[in-house]
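**Student:** Encoded as structure tokens, here's the structure I'll be asking about.
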Amino acid sequence: MTTPTPQGTDPFAANETIGSFDHYAQAQAMVDYLSDQRFPVEHTAIVGVGVRWVEQITGRMTYLRAAGSGAAAGAWFGLLIGLFIGLFAVPGTGWFVLVLTALLWGAIAGAVFGLVSHALQGGKRDFASYAGLQADRYDVIADTAHAGQARELLASRPSTG
């Protein structure tokens, strides 16, 4: 059970930065090393500093692309449903036909849904994208009570030439 942080207090106030990195993978490797050394990593955190939302545009959204991505999503859903029903409800070799039929109907329904949803946008979002958070740097912090031990372990860390 976690204790709620009183409003107006900094939850990271009793922590010290023990490493700062340009890439998340580097910070993750540091915490992984500490874990390998049996350090109590539950007293650490990776904090993204200078966080911003980035949406990367992957291309133009056309009716064909909307139908294609809808069909792909629908096919996966149809496959899942077909496998589930086929494994539990259809004896013998008839399950393969059921799975294939469910996959096909899922793809058709997904394509129709993709086309309709793109058409309803009315040209307001004619592009495809993916989005996520990015940070300028990643700080690894540790509770003040454990920061010294973490620094000692990190000082004995072999260099990664």
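In the structure tokens, the first chain shown is A, the next is B, and so on; residue numbers restart at 1 for each chain, and ligands run from 1 in the order shown.
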Would you list, as a PyMOL selection string, the residues of chain A that end up in helix (DSSP H, G or I) under DSSP run on this structure's backbone?
**Tutor:** chain A and resi 24-36+41-43+63-89+94-120+144-155
**Student:** Run DSSP on the backbone and grab whatever in stretch 5-153 of chain A lands in strand (DSSP E); send it over as a PyMOL selection string.
**Tutor:** chain A and resi 15-21+44-49+52-60+127-134+137-143
**Student:** Skipping near chain neighbours, those fewer than 2 positions away, what residues fall within 12 Å of A:Leu154 using only C-alpha atoms, listed as a list of chain:residue names?
**Tutor:**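 Near neighbours after the sequence-gap exclusion: A:Ile18, A:Gly19, A:Ala29, A:Met30, A:Val31, A:Asp32, A:Tyr33, A:Leu34, A:Ser35, A:Asp36, A:Gln37, A:Phe39, A:Val140, A:Ala147, A:Gly148, A:Gln149, A:Ala150, A:Arg151, A:Glu152, A:Ser156, A:Arg157, A:Pro158, A:Ser159.
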**Student:** Might you pull out every residue within 9 Å of stretch 70-72 of chain A, with only C-alpha atoms counted and same-chain residues fewer than 3 positions away left off, and present them as a list in words?
**Tutor:**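 These residues fall inside the cut-off: Arg65, Ala66, Ala67, Ala75, Trp76, Phe77, Gly106, Ala107, Ile108, Ala109, Gly110, Ala111, Val112, Phe113, Gly114 and Leu115 of chain A.
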**Student:** Determine the nearest neighbour of A:Arg137 from the options A:Leu83, A:Val49, A:Val41, A:Ala14, counting only C-alpha atoms.
**Tutor:** A:Val49
**Student:** Just give me the gap between atom CA of A:Ile46 and atom CA of A:Ala155 in Å, one decimal is fine.
**Tutor:** 18.9 Å
**Student:** Mind giving me the straight-line distance from atom CA of A:Ile57 to atom CA of A:Phe127 in Å, one decimal?
**Tutor:** 6.9 Å
**Student:** List the neighbours of A:Leu100 out to 9 Å using only C-alpha atoms; skip same-chain residues closer than 4 positions along the sequence, and give me the result as a VMD selection string.
**Tutor:** chain A and resid 78 to 79 82 95 to 96 104 to 105
**Student:** How would the residues just picked look written out with N, CA and C atoms as a PDB file, in the first residue's frame?
**Tutor:**
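Result went into result26.pdb, see below:
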ATOM      1  N   GLY A  78     -10.525 -10.813 -35.399  1.00  0.00           N
ATOM      2  CA  GLY A  78     -11.221 -11.989 -35.921  1.00  0.00           C
ATOM      3  C   GLY A  78     -10.441 -13.272 -35.646  1.00  0.00           C
ATOM      4  N   LEU A  79      -9.123 -13.200 -35.797  1.00  0.00           N
ATOM      5  CA  LEU A  79      -8.283 -14.364 -35.511  1.00  0.00           C
ATOM      6  C   LEU A  79      -8.411 -14.772 -34.048  1.00  0.00           C
ATOM      7  N   GLY A  82     -11.885 -16.246 -33.521  1.00  0.00           N
ATOM      8  CA  GLY A  82     -11.947 -17.545 -34.195  1.00  0.00           C
ATOM      9  C   GLY A  82     -11.176 -18.615 -33.446  1.00  0.00           C
ATOM     10  N   TRP A  95     -12.344 -26.583 -37.008  1.00  0.00           N
ATOM     11  CA  TRP A  95     -11.910 -25.360 -36.334  1.00  0.00           C
ATOM     12  C   TRP A  95     -11.084 -24.476 -37.265  1.00  0.00           C
ATOM     13  N   PHE A  96     -10.334 -25.085 -38.171  1.00  0.00           N
ATOM     14  CA  PHE A  96      -9.490 -24.287 -39.078  1.00  0.00           C
ATOM     15  C   PHE A  96     -10.350 -23.410 -39.983  1.00  0.00           C
ATOM     16  N   LEU A 104     -11.360 -13.574 -41.833  1.00  0.00           N
ATOM     17  CA  LEU A 104     -11.850 -12.867 -43.023  1.00  0.00           C
ATOM     18  C   LEU A 104     -12.937 -11.856 -42.663  1.00  0.00           C
ATOM     19  N   TRP A 105     -13.923 -12.270 -41.856  1.00  0.00           N
ATOM     20  CA  TRP A 105     -14.989 -11.348 -41.475  1.00  0.00           C
ATOM     21  C   TRP A 105     -14.465 -10.213 -40.601  1.00  0.00           C
TER      22      TRP A 105
END
**Student:** For each of A:Ala45, A:Ala27, A:Ala145, A:Val54, take the minimum atom-to-atom distance to A:Ser129, counting only C-alpha atoms, then give the residue where this is smallest.
**Tutor:**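 Result for the nearest residue to A:Ser129: A:Val54.
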**Student:** Could you check the closest approach to A:Gly48 for each of A:Asp126, A:Glu16, A:Asp143, A:Asp22 and tell me which residue wins, using only C-alpha atoms?
**Tutor:** A:Asp22
**Student:** Using only C-alpha atoms, which of A:Trp53, A:Thr144, A:Pro40, A:Gly94 sits nearest A:Tyr130?
**Tutor:**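 Smallest separation from A:Tyr130 among the options: A:Trp53.
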**Student:** Please report the interatomic distance between atom CA of A:Glu55 and atom CA of A:Asp136 in Å with one decimal.
**Tutor:**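 These two atoms are separated by 15.8 Å.
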